[in-house]
Amino acid sequence: MVAPAWIACDWGTSALRVWAMSADGQVLDHARSDKGMGTLDKSGFQPALLSLIEPWLTKPTRAVACGMVGARQGWVEAPYTPVPCDPRTVTATAALTTDPRLTVTVLGGIRQDQPADVMRGEETQIAGALTTRPDFDGVLCLPGTHTKWAQISAGEIVSFRTFMSGELFALMSTQSVLRHSLGDGWDAAAFTEAVSDTLSKPEALAARFFALRAESLLHDLAPDAARARLSGLLIGAELAAARPYWLGTDVLIVGSPAASQPYASALAAQGVSAECLDAEAMTLAGLAHAHATLGETA
């Protein structure tokens, strides 16, 4: 029987992931459901969590949660901490529970007033990265639906920007006219060429999008090449806008292998060698640091 010392939770908009953690930071068990914040009302959070962790609750246990569970529409609103800040010291808010076996602490997000930006969940990955790289100064790239670029100096997030490249790719590949031209595979050369094209002429982005459709109709552009080029166009535009972040500095990419590799390839083509860190491992490291910081009375 699994009897965790505490429970780690990554609760996003579309999914809930939980890990039973030992006192020395080992994963004893894990579970996942599609009960993300976006599917729940206030009364649904505790049942959604218990449906995954109840077999682990052999004694009173704390869960430490990050992500959209702390949004205004979440279980409890956990306040944003303004930059510059150390992501390892963000605010923590107790969620109301009615089960005496369970205490839930929700970590807050991070805000930036100018230009306006917010993050929830990524700050925990950044905290995890800084626990493993405590002397790191440079930039973290966190690819995903909403990719974050965060400037790190002296252990603090100094500034950050969010790019909706992942969401735009999902929308364009499934709901735009381009869906008729895209395959499921990958063409690395087509991706790199598209990144370079957009970095040199980002103002032509909208025209290059439609050219994918036109080339598939007139010149039989391979569907896999079209898919890779669409990704390259979007990431190229992102790199053009984020150039002040990655140019001439150390870069860490925190993400899944599938999400990180295109960014690493795109940066390598610009002469930037980025190290990739696993997003799940960094999330667990950040949650473990938060749990240790909270102590027994949080």
# chains A, B, ... in the order shown; residues from 1 in each chain; ligands from 1
call {"tool": "select_by_dssp", "arguments": {"residues": "segment 10-249 of chain A", "states": "strand (DSSP E)", "output": "ChimeraX atom specification"}}
result
/A:10-11,16-21,27-33,61-67,81-82,92-95,102-107,110-112,117-119,138-142,147-153,156-163
call {"tool": "atom_distance", "arguments": {"atom1": "atom CA of Pro4 of chain A", "atom2": "atom CA of Gln26 of chain A"}}
result
9.5 Å
call {"tool": "closest_residue", "arguments": {"among": "A:Ala225, A:Ala240, A:Ile253, A:Ala207", "to": "Lys148 of chain A", "atoms": "only C-alpha atoms"}}
result
A:Ile253
call {"tool": "closest_residue", "arguments": {"among": "A:Gly166, A:Gly109, A:Pro100, A:Gly38", "to": "Glu238 of chain A", "atoms": "only C-alpha atoms"}}
result
A:Gly166
call {"tool": "closest_residue", "arguments": {"among": "A:Ile53, A:Ser14, A:Pro60, A:Leu102", "to": "Thr39 of chain A", "atoms": "only C-alpha atoms"}}
result
A:Ser14
call {"tool": "residues_around", "arguments": {"residues": "Thr283 of chain A", "least_positions_apart": "5", "cutoff": "7 Å", "atoms": "only C-alpha atoms", "output": "list of chain:residue names"}}
result
A:Thr124, A:Gln125, A:Gly128
call {"tool": "write_last_selection", "arguments": {"atoms": "N, CA, C and O atoms", "output": "mmCIF file, in the first residue's frame"}}
result
data_model
loop_
_atom_site.group_PDB
_atom_site.id
_atom_site.type_symbol
_atom_site.label_atom_id
_atom_site.label_comp_id
_atom_site.auth_asym_id
_atom_site.auth_seq_id
_atom_site.Cartn_x
_atom_site.Cartn_y
_atom_site.Cartn_z
ATOM 1 N N THR A 124 6.648 27.250 -11.081
ATOM 2 C CA THR A 124 7.095 26.093 -10.309
ATOM 3 C C THR A 124 8.164 25.322 -11.072
ATOM 4 O O THR A 124 9.136 24.814 -10.477
ATOM 5 N N GLN A 125 8.029 25.234 -12.397
ATOM 6 C CA GLN A 125 9.082 24.617 -13.203
ATOM 7 C C GLN A 125 10.365 25.437 -13.133
ATOM 8 O O GLN A 125 11.474 24.879 -13.052
ATOM 9 N N GLY A 128 11.974 24.774 -9.889
ATOM 10 C CA GLY A 128 12.660 23.492 -9.942
ATOM 11 C C GLY A 128 13.978 23.589 -10.673
ATOM 12 O O GLY A 128 14.990 23.007 -10.242
#
call {"tool": "residues_around", "arguments": {"residues": "Gln114 of chain A", "least_positions_apart": "5", "cutoff": "12 Å", "atoms": "only C-alpha atoms", "output": "VMD selection string"}}
result
chain A and resid 82 to 84 158 to 161
call {"tool": "select_by_dssp", "arguments": {"residues": "segment 20-207 of chain A", "states": "helix (DSSP H, G or I)", "output": "ChimeraX atom specification"}}
result
/A:37-39,42-56,68-70,87-89,122-132,165-175,177-180,188-200,202-207
call {"tool": "closest_residue", "arguments": {"among": "A:Asp135, A:Ser231, A:Ala48, A:Ala237", "to": "Pro202 of chain A", "atoms": "only C-alpha atoms"}}
result
A:Ala237
call {"tool": "closest_residue", "arguments": {"among": "A:Tyr80, A:Trp6, A:Trp75, A:Tyr263", "to": "Ala288 of chain A", "atoms": "only C-alpha atoms"}}
result
A:Trp6
call {"tool": "residues_around", "arguments": {"residues": "Val27 of chain A", "least_positions_apart": "5", "cutoff": "10 Å", "atoms": "only C-alpha atoms", "output": "PyMOL selection string"}}
result
chain A and resi 4+7-8+19-22+284
call {"tool": "write_last_selection", "arguments": {"atoms": "C-alpha atoms", "output": "mmCIF file, in the first residue's frame"}}
result
data_model
loop_
_atom_site.group_PDB
_atom_site.id
_atom_site.type_symbol
_atom_site.label_atom_id
_atom_site.label_comp_id
_atom_site.auth_asym_id
_atom_site.auth_seq_id
_atom_site.Cartn_x
_atom_site.Cartn_y
_atom_site.Cartn_z
ATOM 1 C CA PRO A 4 3.087 9.085 0.817
ATOM 2 C CA ILE A 7 1.318 14.619 -2.555
ATOM 3 C CA ALA A 8 2.495 16.735 -5.495
ATOM 4 C CA TRP A 19 2.378 12.041 -7.532
ATOM 5 C CA ALA A 20 2.662 10.237 -4.198
ATOM 6 C CA MET A 21 5.968 11.448 -2.757
ATOM 7 C CA SER A 22 8.212 9.912 -0.113
ATOM 8 C CA LEU A 284 8.394 17.886 -9.122
#
call {"tool": "residues_around", "arguments": {"residues": "Cys9 of chain A", "least_positions_apart": "2", "cutoff": "7 Å", "atoms": "only C-alpha atoms", "output": "list in words"}}
result
Ile7, Trp11, Arg17, Val18, Trp19, Ala63, Val64, Ala65 and Cys66 of chain A
call {"tool": "residues_around", "arguments": {"residues": "Leu221 of chain A", "least_positions_apart": "3", "cutoff": "12 Å", "atoms": "only C-alpha atoms", "output": "number ranges by chain"}}
result
A: 180-183, 187, 190, 211-218, 224-229
call {"tool": "write_last_selection", "arguments": {"atoms": "all heavy atoms", "output": "tab-separated table (two decimals), in the first residue's frame"}}
result
chain	number	residue	atom	x	y	z
A	180	HIS	N	-6.09	21.15	-44.54
A	180	HIS	CA	-6.19	20.26	-45.70
A	180	HIS	C	-4.82	19.94	-46.30
A	180	HIS	O	-4.72	19.04	-47.13
A	180	HIS	CB	-7.05	20.91	-46.78
A	180	HIS	CG	-8.44	21.26	-46.32
A	180	HIS	ND1	-9.34	20.32	-45.89
A	180	HIS	CD2	-9.06	22.46	-46.21
A	180	HIS	CE1	-10.47	20.92	-45.53
A	180	HIS	NE2	-10.32	22.22	-45.72
A	181	SER	N	-3.79	20.67	-45.86
A	181	SER	CA	-2.47	20.52	-46.48
A	181	SER	C	-1.44	19.87	-45.57
A	181	SER	O	-0.33	19.59	-46.01
A	181	SER	CB	-1.94	21.90	-46.92
A	181	SER	OG	-2.82	22.50	-47.84
A	182	LEU	N	-1.79	19.65	-44.29
A	182	LEU	CA	-0.79	19.22	-43.32
A	182	LEU	C	-0.84	17.71	-43.08
A	182	LEU	O	-1.92	17.11	-43.04
A	182	LEU	CB	-1.01	19.93	-41.99
A	182	LEU	CG	-1.03	21.46	-42.01
A	182	LEU	CD1	-1.13	22.00	-40.60
A	182	LEU	CD2	0.19	22.01	-42.72
A	183	GLY	N	0.34	17.13	-42.90
A	183	GLY	CA	0.45	15.72	-42.55
A	183	GLY	C	0.71	15.55	-41.07
A	183	GLY	O	0.60	16.50	-40.28
A	187	ASP	N	9.52	17.25	-41.26
A	187	ASP	CA	10.61	17.47	-42.21
A	187	ASP	C	11.53	18.51	-41.57
A	187	ASP	O	11.22	19.70	-41.55
A	187	ASP	CB	10.05	17.97	-43.54
A	187	ASP	CG	11.12	18.14	-44.61
A	187	ASP	OD1	12.23	18.57	-44.28
A	187	ASP	OD2	10.82	17.86	-45.79
A	190	ALA	N	12.71	21.48	-43.76
A	190	ALA	CA	11.64	22.45	-44.01
A	190	ALA	C	11.41	23.33	-42.79
A	190	ALA	O	11.16	24.54	-42.91
A	190	ALA	CB	10.36	21.73	-44.40
A	211	ALA	N	0.81	30.72	-48.34
A	211	ALA	CA	1.66	30.08	-49.35
A	211	ALA	C	1.76	28.58	-49.12
A	211	ALA	O	1.94	27.81	-50.08
A	211	ALA	CB	3.05	30.71	-49.34
A	212	LEU	N	1.61	28.13	-47.88
A	212	LEU	CA	1.61	26.69	-47.61
A	212	LEU	C	0.46	26.01	-48.34
A	212	LEU	O	0.61	24.94	-48.94
A	212	LEU	CB	1.50	26.43	-46.11
A	212	LEU	CG	2.65	26.89	-45.23
A	212	LEU	CD1	2.33	26.64	-43.76
A	212	LEU	CD2	3.94	26.18	-45.61
A	213	ARG	N	-0.70	26.63	-48.29
A	213	ARG	CA	-1.87	26.07	-48.98
A	213	ARG	C	-1.68	26.14	-50.49
A	213	ARG	O	-1.95	25.17	-51.21
A	213	ARG	CB	-3.13	26.83	-48.57
A	213	ARG	CG	-4.41	26.34	-49.25
A	213	ARG	CD	-4.68	24.90	-48.93
A	213	ARG	NE	-5.94	24.44	-49.53
A	213	ARG	CZ	-6.22	23.17	-49.77
A	213	ARG	NH1	-5.34	22.22	-49.47
A	213	ARG	NH2	-7.37	22.83	-50.30
A	214	ALA	N	-1.20	27.28	-50.97
A	214	ALA	CA	-1.03	27.44	-52.42
A	214	ALA	C	0.00	26.45	-52.96
A	214	ALA	O	-0.21	25.85	-54.03
A	214	ALA	CB	-0.62	28.87	-52.73
A	215	GLU	N	1.10	26.27	-52.25
A	215	GLU	CA	2.12	25.34	-52.72
A	215	GLU	C	1.63	23.89	-52.71
A	215	GLU	O	2.03	23.09	-53.55
A	215	GLU	CB	3.39	25.48	-51.89
A	215	GLU	CG	4.17	26.75	-52.19
A	215	GLU	CD	5.54	26.74	-51.52
A	215	GLU	OE1	6.19	25.67	-51.54
A	215	GLU	OE2	5.93	27.78	-50.98
A	216	SER	N	0.77	23.56	-51.77
A	216	SER	CA	0.25	22.20	-51.76
A	216	SER	C	-0.69	21.96	-52.94
A	216	SER	O	-0.74	20.86	-53.50
A	216	SER	CB	-0.49	21.91	-50.45
A	216	SER	OG	-1.71	22.63	-50.37
A	217	LEU	N	-1.40	23.00	-53.37
A	217	LEU	CA	-2.32	22.88	-54.50
A	217	LEU	C	-1.58	22.92	-55.84
A	217	LEU	O	-1.91	22.15	-56.76
A	217	LEU	CB	-3.35	24.01	-54.46
A	217	LEU	CG	-4.37	23.97	-53.32
A	217	LEU	CD1	-5.18	25.26	-53.29
A	217	LEU	CD2	-5.30	22.76	-53.46
A	218	LEU	N	-0.60	23.79	-55.95
A	218	LEU	CA	0.03	24.02	-57.25
A	218	LEU	C	1.31	23.21	-57.47
A	218	LEU	O	1.65	22.88	-58.61
A	218	LEU	CB	0.37	25.51	-57.40
A	218	LEU	CG	-0.82	26.48	-57.30
A	218	LEU	CD1	-0.33	27.90	-57.43
A	218	LEU	CD2	-1.87	26.16	-58.36
A	224	ASP	N	4.01	16.51	-44.82
A	224	ASP	CA	4.92	16.57	-43.66
A	224	ASP	C	5.77	17.83	-43.70
A	224	ASP	O	6.04	18.44	-42.66
A	224	ASP	CB	5.82	15.33	-43.64
A	224	ASP	CG	5.05	14.06	-43.31
A	224	ASP	OD1	3.85	14.16	-42.95
A	224	ASP	OD2	5.64	12.97	-43.43
A	225	ALA	N	6.20	18.23	-44.88
A	225	ALA	CA	6.97	19.46	-45.02
A	225	ALA	C	6.10	20.67	-44.68
A	225	ALA	O	6.57	21.63	-44.05
A	225	ALA	CB	7.54	19.59	-46.42
A	226	ALA	N	4.84	20.63	-45.08
A	226	ALA	CA	3.93	21.73	-44.78
A	226	ALA	C	3.73	21.88	-43.27
A	226	ALA	O	3.72	23.00	-42.73
A	226	ALA	CB	2.59	21.52	-45.47
A	227	ARG	N	3.58	20.75	-42.58
A	227	ARG	CA	3.41	20.80	-41.12
A	227	ARG	C	4.65	21.39	-40.45
A	227	ARG	O	4.55	22.25	-39.57
A	227	ARG	CB	3.13	19.40	-40.58
A	227	ARG	CG	2.87	19.36	-39.08
A	227	ARG	CD	2.56	17.94	-38.61
A	227	ARG	NE	2.13	17.95	-37.22
A	227	ARG	CZ	0.90	18.16	-36.82
A	227	ARG	NH1	-0.05	18.39	-37.71
A	227	ARG	NH2	0.59	18.16	-35.53
A	228	ALA	N	5.82	20.92	-40.86
A	228	ALA	CA	7.06	21.42	-40.27
A	228	ALA	C	7.26	22.90	-40.58
A	228	ALA	O	7.74	23.66	-39.73
A	228	ALA	CB	8.24	20.60	-40.78
A	229	ARG	N	6.90	23.31	-41.78
A	229	ARG	CA	7.05	24.72	-42.13
A	229	ARG	C	6.12	25.60	-41.32
A	229	ARG	O	6.50	26.70	-40.89
A	229	ARG	CB	6.82	24.91	-43.63
A	229	ARG	CG	8.03	24.51	-44.48
A	229	ARG	CD	7.77	24.63	-45.96
A	229	ARG	NE	7.39	25.97	-46.38
A	229	ARG	CZ	7.10	26.29	-47.63
A	229	ARG	NH1	7.12	25.36	-48.59
A	229	ARG	NH2	6.78	27.53	-47.93
